[in-house]
Structures are given as structure tokens and as C-alpha cells.
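S.K.: Starting off with a structure, shown below.
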Amino acid sequence: MQSMQNKVVLITGAGTGMGAAALRRFAAAGAEVVATGRTRATLEAVVAEIKATGGRAHYVVADVGTESGARTALDFVAATCGGLDVLINNASVGWSHEQVLPGSMAATADSPPGPWREVIRINLESVHLMCHCAIPLFRKRGGGAIVNVSSVGGTRGMADAHAYAAAKAGVINLTRSLAKTYGPENIRSNCFAPGVVDTGMIDPYREMFDQAFADPVAAQQICPLGRMGTPEEAADCMFFLAVATYCNGSVLVMDGGSSA
């Protein structure tokens, strides 16, 4: 495992799922990690877990889809950790958000402007705001690494979840643009695009996926590996992009071959 000693890593949406797994992954490599999200209880739990194993971890409650929330998160990192080396923009909503905000994961005709804007705010605007606030900290460090979490849904059209697909596609091209502009300053930007990962985001469709993957024929049709990805596998991909020093502007797809 490559060492991350003396590195500071900030992960958004880090209370559960892929974000929490990434927090553990970087902490295990020796990084000082900072978790941010909107739910204090989940952040407290994962940070306490890391501290219990001897890791260095902090959390800050913030809605990074707002300018004030993004600045709160980055100001905390600067004040508490003295700087920033890696930013993982993982905060996102997906299919499960339809239960919270009806229409947010619908096709265009069934997606009212309010839910559409909220998905764009959380999934895309948060990435812009966090990068906007983080770049000055990277400049002080002489460089850094940004990993933006998109989705396979951002690489192709989707029959539903149009706002989600549009936001995740935006994350990909924003990442490429960041790579071109800030690469000369040794600030690398890469994109991670997972397929179906076994997190709470798929809960509304969990029964469907469980039934499909229980059938060997259907499982192979969905994914050549015949299963969903795990949060830990996603964390490995995020870690790789953070430390792969010649990767800049890359889009790493992790979907078990589903889109091959």
C-alpha cells in the first residue's frame, strides 16, 4: 500500500457508502482525513471508527452544494490540518433521492424544475464550489490531486434520472477542463465513474438487483462479473487516481465490464 503519511485528504459525502470506504482507505495508508457531509451522526460514527484504530480523522458538517458550505469545509481543513493534498468530490444523490424528492430521478417530462435544480446543485455545483475553494490551498502546497466522482450514467444516455445523467456528464467535462487548466500547476484532476455499487443509493431497486444477480444468466447480462461492485473496490479506484502521478484528465470506469 502506498503511504499517504503527512498528506491531508478531504472527502465529501463521507458519512456512508463509497465516501466512508474511501475515508477508511486513505486513513489506513496514513493520511490525515477529513469527512464532510450533511448528517452529523454518520460522520461522527465513521470518524470514531478510524480514530479507534489509531487513524487521524476529523469531520465537519456542511452542505457543499452551497458556497457557504464549501467554504466552511475548506476553512476547517486549512485551520485544523494546515493545508490540503487530496480532494475527493464524492457528495451525490442518486436513485434513492426519488423517495425524498419526487421527480428528481425522473425523465425530463416528469422532472419539475425544482427537483432538477436540486440534483444539479448537489451532484455538479458542489464539485465546482469545492474545486473553486480548494485550488488556492493546492497552490500553497505546490500542487495536489482532485478526484471527482461521476458515474457510468454520465458517459451515456439514461432512460430515466435525466438530471442525474446530465450532472454526472458535467462532472466528467469539468474534470477534463480542470486538468487542462491546472495541470501546469501540478494540480491533477481525474474522474471516477462507477457503475452499480452496493450502497444505500440503490435501495429503491435493491430487490430487483438481488433477484437479477441471483440468476446466473441475468447476472451475466447485467455485468460480465455477475455482481455489483463494493464500496471498498470504489475506494481503491479513488485512491489510485489520487496517487497515480501521471494521470490527469482521466476517466476511470468501474462497472465490472457492463459498458464494455
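In the C-alpha cells, chains take the letters A, B, ... in the order shown, each chain's residues start at 1, and ligands count up from 1 in the order shown.
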With only C-alpha atoms as the counted atoms, please give the residues lying no more than 9 Å from range 22-36 of chain A, apart from itself and same-chain residues fewer than 2 positions off, as a PyMOL selection string.
M.R.: chain A and resi 1-15+17-20+38-40+43+46-47+49-50+53+55-64+73+77+81+88+91+231-232+234-236+238-239
S.K.: Could you dump the residues just selected with C-alpha atoms as a PDB file, in the first residue's frame?
M.R.:
ATOM      1  CA  MET A   1       0.000   0.000   0.000  1.00  0.00           C
ATOM      2  CA  GLN A   2       1.424   3.375  -0.985  1.00  0.00           C
ATOM      3  CA  SER A   3       1.984   5.600   2.016  1.00  0.00           C
ATOM      4  CA  MET A   4      -0.043   8.778   2.465  1.00  0.00           C
ATOM      5  CA  GLN A   5       1.883   9.914   5.525  1.00  0.00           C
ATOM      6  CA  ASN A   6       1.837  13.688   6.008  1.00  0.00           C
ATOM      7  CA  LYS A   7      -0.954  14.031   3.430  1.00  0.00           C
ATOM      8  CA  VAL A   8      -4.299  15.689   4.140  1.00  0.00           C
ATOM      9  CA  VAL A   9      -7.342  14.273   2.360  1.00  0.00           C
ATOM     10  CA  LEU A  10     -10.819  15.827   2.305  1.00  0.00           C
ATOM     11  CA  ILE A  11     -13.741  13.648   1.206  1.00  0.00           C
ATOM     12  CA  THR A  12     -17.260  14.958   0.648  1.00  0.00           C
ATOM     13  CA  GLY A  13     -20.275  12.732   1.199  1.00  0.00           C
ATOM     14  CA  ALA A  14     -18.061  10.688   3.504  1.00  0.00           C
ATOM     15  CA  GLY A  15     -20.568   9.512   6.105  1.00  0.00           C
ATOM     16  CA  GLY A  17     -21.140   4.226   1.219  1.00  0.00           C
ATOM     17  CA  MET A  18     -18.225   4.881  -1.117  1.00  0.00           C
ATOM     18  CA  GLY A  19     -17.222   8.058   0.720  1.00  0.00           C
ATOM     19  CA  ALA A  20     -16.881   6.296   4.060  1.00  0.00           C
ATOM     20  CA  ARG A  38     -24.854  16.875   5.871  1.00  0.00           C
ATOM     21  CA  THR A  39     -25.556  14.230   8.522  1.00  0.00           C
ATOM     22  CA  ARG A  40     -23.599  14.594  11.749  1.00  0.00           C
ATOM     23  CA  LEU A  43     -19.815  11.442  10.079  1.00  0.00           C
ATOM     24  CA  VAL A  46     -17.000   6.745  10.707  1.00  0.00           C
ATOM     25  CA  VAL A  47     -14.519   9.216  12.218  1.00  0.00           C
ATOM     26  CA  GLU A  49     -14.147   4.147  13.912  1.00  0.00           C
ATOM     27  CA  ILE A  50     -10.982   5.447  12.255  1.00  0.00           C
ATOM     28  CA  THR A  53      -7.803   2.086  15.043  1.00  0.00           C
ATOM     29  CA  GLY A  55      -6.010   6.909  12.486  1.00  0.00           C
ATOM     30  CA  ARG A  56      -6.165  10.683  12.292  1.00  0.00           C
ATOM     31  CA  ALA A  57      -9.646  11.825  11.327  1.00  0.00           C
ATOM     32  CA  HIS A  58     -11.942  14.822  11.640  1.00  0.00           C
ATOM     33  CA  TYR A  59     -15.360  15.762  10.396  1.00  0.00           C
ATOM     34  CA  VAL A  60     -17.179  18.963   9.536  1.00  0.00           C
ATOM     35  CA  VAL A  61     -20.913  19.192   8.878  1.00  0.00           C
ATOM     36  CA  ALA A  62     -21.513  21.174   5.700  1.00  0.00           C
ATOM     37  CA  ASP A  63     -23.725  21.235   2.617  1.00  0.00           C
ATOM     38  CA  VAL A  64     -21.021  21.580  -0.014  1.00  0.00           C
ATOM     39  CA  ALA A  73     -15.362  22.686   4.749  1.00  0.00           C
ATOM     40  CA  VAL A  77      -9.256  21.913   6.668  1.00  0.00           C
ATOM     41  CA  CYS A  81      -4.833  20.470   9.206  1.00  0.00           C
ATOM     42  CA  ILE A  88     -12.362  13.676  -3.262  1.00  0.00           C
ATOM     43  CA  ALA A  91     -21.135  14.068  -2.473  1.00  0.00           C
ATOM     44  CA  PRO A 231     -17.665   0.412  -1.709  1.00  0.00           C
ATOM     45  CA  GLU A 232     -14.175  -0.899  -0.941  1.00  0.00           C
ATOM     46  CA  ALA A 234     -14.656   2.009  -5.360  1.00  0.00           C
ATOM     47  CA  ALA A 235     -12.323   3.315  -2.651  1.00  0.00           C
ATOM     48  CA  ASP A 236      -9.391   1.518  -4.309  1.00  0.00           C
ATOM     49  CA  MET A 238     -10.319   6.718  -5.860  1.00  0.00           C
ATOM     50  CA  PHE A 239      -7.052   6.002  -4.073  1.00  0.00           C
TER      51      PHE A 239
END
S.K.: Enumerate as an NGL selection string all residues of range 21-218 of chain A assigned to helix (DSSP H, G or I) by DSSP on the backbone, naming them with the chain letters and numbers the document uses.
M.R.: :A and (21-28 or 40-52 or 67-81 or 97-100 or 108-110 or 113-141 or 152-154 or 162-185 or 200-214 or 216-218)
S.K.: In Å to one decimal, how far is CA of Val253 in chain A from CA of Pro216 in chain A?
M.R.: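 Value for the CA of Pro216 in chain A-CA of Val253 in chain A distance: 23.4 Å.
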S.K.: Which residues are close to Leu129 in chain A, i.e. within 8 Å by only C-alpha atoms, leaving aside same-chain residues fewer than 6 positions away? Reply as JSON, numbers by chain.
M.R.: {"A": [64, 65, 66, 67, 70]}
S.K.: Excluding Thr245 in chain A and its own-chain neighbours fewer than 4 positions away, which residues fall within 9 Å of it when counting only C-alpha atoms? Please give them as JSON, numbers by chain.
M.R.: {"A": [145, 188, 241]}
S.K.: The selected residues should be written to file as a PDB file, in the first residue's frame (atoms: C-alpha atoms).
M.R.:
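Resulting contents of part.pdb:
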ATOM      1  CA  ALA A 145      -4.927  15.886  -6.566  1.00  0.00           C
ATOM      2  CA  ARG A 188      -4.081  16.898 -11.183  1.00  0.00           C
ATOM      3  CA  LEU A 241      -6.381   8.246  -9.056  1.00  0.00           C
TER       4      LEU A 241
END
S.K.: In terms of the shortest atom-to-atom distance over only C-alpha atoms, which of A:Asn248, A:Asn123, A:Thr42, A:Asn148 is closest to Ser92 in chain A?
M.R.: A:Asn123
S.K.: As a list in words, please: the residues near range 159-163 of chain A (cut-off 7 Å, only C-alpha atoms, same-chain neighbours under 3 positions excluded).
M.R.: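 These residues fall inside the cut-off: Ser104, Met105, Ala106, Ala107, Thr108, Trp116, Val119, Ile120, Ala166 and Ala167 of chain A.
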S.K.: Those residues you just picked out, can you put them in a file as a PDB file, in the first residue's frame with N, CA and C atoms?
M.R.:
ATOM      1  N   SER A 104     -37.097  13.840  -8.900  1.00  0.00           N
ATOM      2  CA  SER A 104     -35.661  14.130  -9.022  1.00  0.00           C
ATOM      3  C   SER A 104     -34.930  13.091  -9.858  1.00  0.00           C
ATOM      4  N   MET A 105     -35.450  11.874  -9.925  1.00  0.00           N
ATOM      5  CA  MET A 105     -34.816  10.819 -10.702  1.00  0.00           C
ATOM      6  C   MET A 105     -35.675  10.393 -11.888  1.00  0.00           C
ATOM      7  N   ALA A 106     -36.484  11.317 -12.366  1.00  0.00           N
ATOM      8  CA  ALA A 106     -37.406  11.022 -13.457  1.00  0.00           C
ATOM      9  C   ALA A 106     -36.859  11.504 -14.792  1.00  0.00           C
ATOM     10  N   ALA A 107     -37.551  11.113 -15.864  1.00  0.00           N
ATOM     11  CA  ALA A 107     -37.246  11.641 -17.191  1.00  0.00           C
ATOM     12  C   ALA A 107     -37.732  13.090 -17.274  1.00  0.00           C
ATOM     13  N   THR A 108     -37.296  13.801 -18.291  1.00  0.00           N
ATOM     14  CA  THR A 108     -37.497  15.248 -18.373  1.00  0.00           C
ATOM     15  C   THR A 108     -38.946  15.668 -18.217  1.00  0.00           C
ATOM     16  N   TRP A 116     -35.114  19.055 -10.460  1.00  0.00           N
ATOM     17  CA  TRP A 116     -33.999  19.058 -11.420  1.00  0.00           C
ATOM     18  C   TRP A 116     -32.850  19.911 -10.885  1.00  0.00           C
ATOM     19  N   VAL A 119     -30.870  18.315  -7.916  1.00  0.00           N
ATOM     20  CA  VAL A 119     -29.922  17.268  -8.306  1.00  0.00           C
ATOM     21  C   VAL A 119     -28.666  17.889  -8.918  1.00  0.00           C
ATOM     22  N   ILE A 120     -28.848  18.887  -9.771  1.00  0.00           N
ATOM     23  CA  ILE A 120     -27.699  19.566 -10.374  1.00  0.00           C
ATOM     24  C   ILE A 120     -26.864  20.248  -9.292  1.00  0.00           C
ATOM     25  N   ALA A 166     -27.260  14.186 -16.594  1.00  0.00           N
ATOM     26  CA  ALA A 166     -26.701  15.460 -17.052  1.00  0.00           C
ATOM     27  C   ALA A 166     -25.635  15.971 -16.087  1.00  0.00           C
ATOM     28  N   ALA A 167     -25.905  15.870 -14.788  1.00  0.00           N
ATOM     29  CA  ALA A 167     -24.943  16.334 -13.787  1.00  0.00           C
ATOM     30  C   ALA A 167     -23.660  15.517 -13.839  1.00  0.00           C
TER      31      ALA A 167
END
S.K.: Which one of A:Pro113, A:Gly153, A:Gly170, A:Pro204 sits closest to Gln99 in chain A if you count only C-alpha atoms?
M.R.: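 The shortest atom-to-atom distance to Gln99 in chain A comes from A:Pro204.
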S.K.: Find, counting only C-alpha atoms, the residue in A:Val217, A:Ile222, A:Val243, A:Val100 that gets nearest to Val86 in chain A.
M.R.: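 Among the listed residues, the smallest separation from Val86 in chain A belongs to A:Val243.
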S.K.: Near Ala179 in chain A, within 9 Å and counting only C-alpha atoms, which residues show up once chain neighbours fewer than 3 positions away are dropped, as a PyMOL selection string?
M.R.: chain A and resi 174-176+182-184+187-190+248-250
S.K.: Using only C-alpha atoms, which residue out of A:Gly69, A:Val251, A:Ala169, A:Ala193 lies closest to Val152 in chain A?
M.R.: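 The shortest atom-to-atom distance to Val152 in chain A comes from A:Ala193.
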S.K.: Pick out each residue of range 178-253 of chain A that DSSP on the backbone tags as strand (DSSP E or B); I need them as a list in words.
M.R.: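 Strand (DSSP E or B) members of range 178-253 of chain A, listed: Ile187, Arg188, Ser189, Asn190, Cys191, Phe192, Ala193, Pro194, Val197, Gly229, Val251, Leu252 and Val253 of chain A.
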S.K.: With N, CA and C atoms retained, could you export that selection as a compact mmCIF listing (two decimals), in the first residue's frame?
M.R.:
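Output file selection-v1.txt is given in full below:
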# COMPACT_ATOMS: atom_id res chain seq x y z
N ILE A 187 -1.54 20.49 -10.25
CA ILE A 187 -2.83 20.13 -9.65
C ILE A 187 -3.52 19.19 -10.63
N ARG A 188 -3.51 17.91 -10.29
CA ARG A 188 -4.08 16.90 -11.18
C ARG A 188 -5.57 16.71 -10.89
N SER A 189 -6.35 16.52 -11.94
CA SER A 189 -7.79 16.29 -11.79
C SER A 189 -8.18 15.06 -12.59
N ASN A 190 -8.83 14.12 -11.92
CA ASN A 190 -9.28 12.89 -12.56
C ASN A 190 -10.70 12.56 -12.13
N CYS A 191 -11.31 11.68 -12.87
CA CYS A 191 -12.72 11.37 -12.66
C CYS A 191 -12.90 9.86 -12.47
N PHE A 192 -13.71 9.52 -11.52
CA PHE A 192 -14.06 8.13 -11.23
C PHE A 192 -15.52 7.92 -11.59
N ALA A 193 -15.79 6.94 -12.45
CA ALA A 193 -17.15 6.71 -12.94
C ALA A 193 -17.60 5.29 -12.62
N PRO A 194 -18.20 5.08 -11.46
CA PRO A 194 -18.65 3.73 -11.10
C PRO A 194 -19.98 3.36 -11.75
N VAL A 197 -22.94 0.10 -7.59
CA VAL A 197 -22.18 -0.23 -6.39
C VAL A 197 -23.16 -0.48 -5.26
N GLY A 229 -20.54 -3.90 -7.68
CA GLY A 229 -19.29 -3.51 -7.07
C GLY A 229 -19.47 -3.25 -5.59
N VAL A 251 -10.68 9.37 -17.02
CA VAL A 251 -12.00 8.93 -16.53
C VAL A 251 -11.89 7.42 -16.32
N LEU A 252 -11.87 7.01 -15.06
CA LEU A 252 -11.74 5.60 -14.72
C LEU A 252 -13.12 5.01 -14.47
N VAL A 253 -13.54 4.11 -15.37
CA VAL A 253 -14.82 3.43 -15.25
C VAL A 253 -14.66 2.16 -14.45
S.K.: Nearest to Ala45 in chain A among A:Ala79, A:Thr16, A:Arg71, A:Glu185, with distances taken over only C-alpha atoms: which residue is it?
M.R.: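 Going through A:Ala79, A:Thr16, A:Arg71, A:Glu185 one by one, the smallest distance to Ala45 in chain A is for A:Thr16.
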S.K.: Can you pull out the residues contacting Tyr205 in chain A? Cut-off 12 Å, using only C-alpha atoms, and skip same-chain residues under 6 positions away; I want them as a ChimeraX atom specification.
M.R.: /A:94-99,196-199,211-212
S.K.: When you count only C-alpha atoms, which of these residues is closest to Asp215 in chain A: A:Asp75, A:Glu125, A:Arg139, A:Arg227?
M.R.: A:Arg227
S.K.: CA of Val93 in chain A and CA of Asp110 in chain A, how far apart in Å?
M.R.: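 Distance reported for this atom pair: 17.8 Å.
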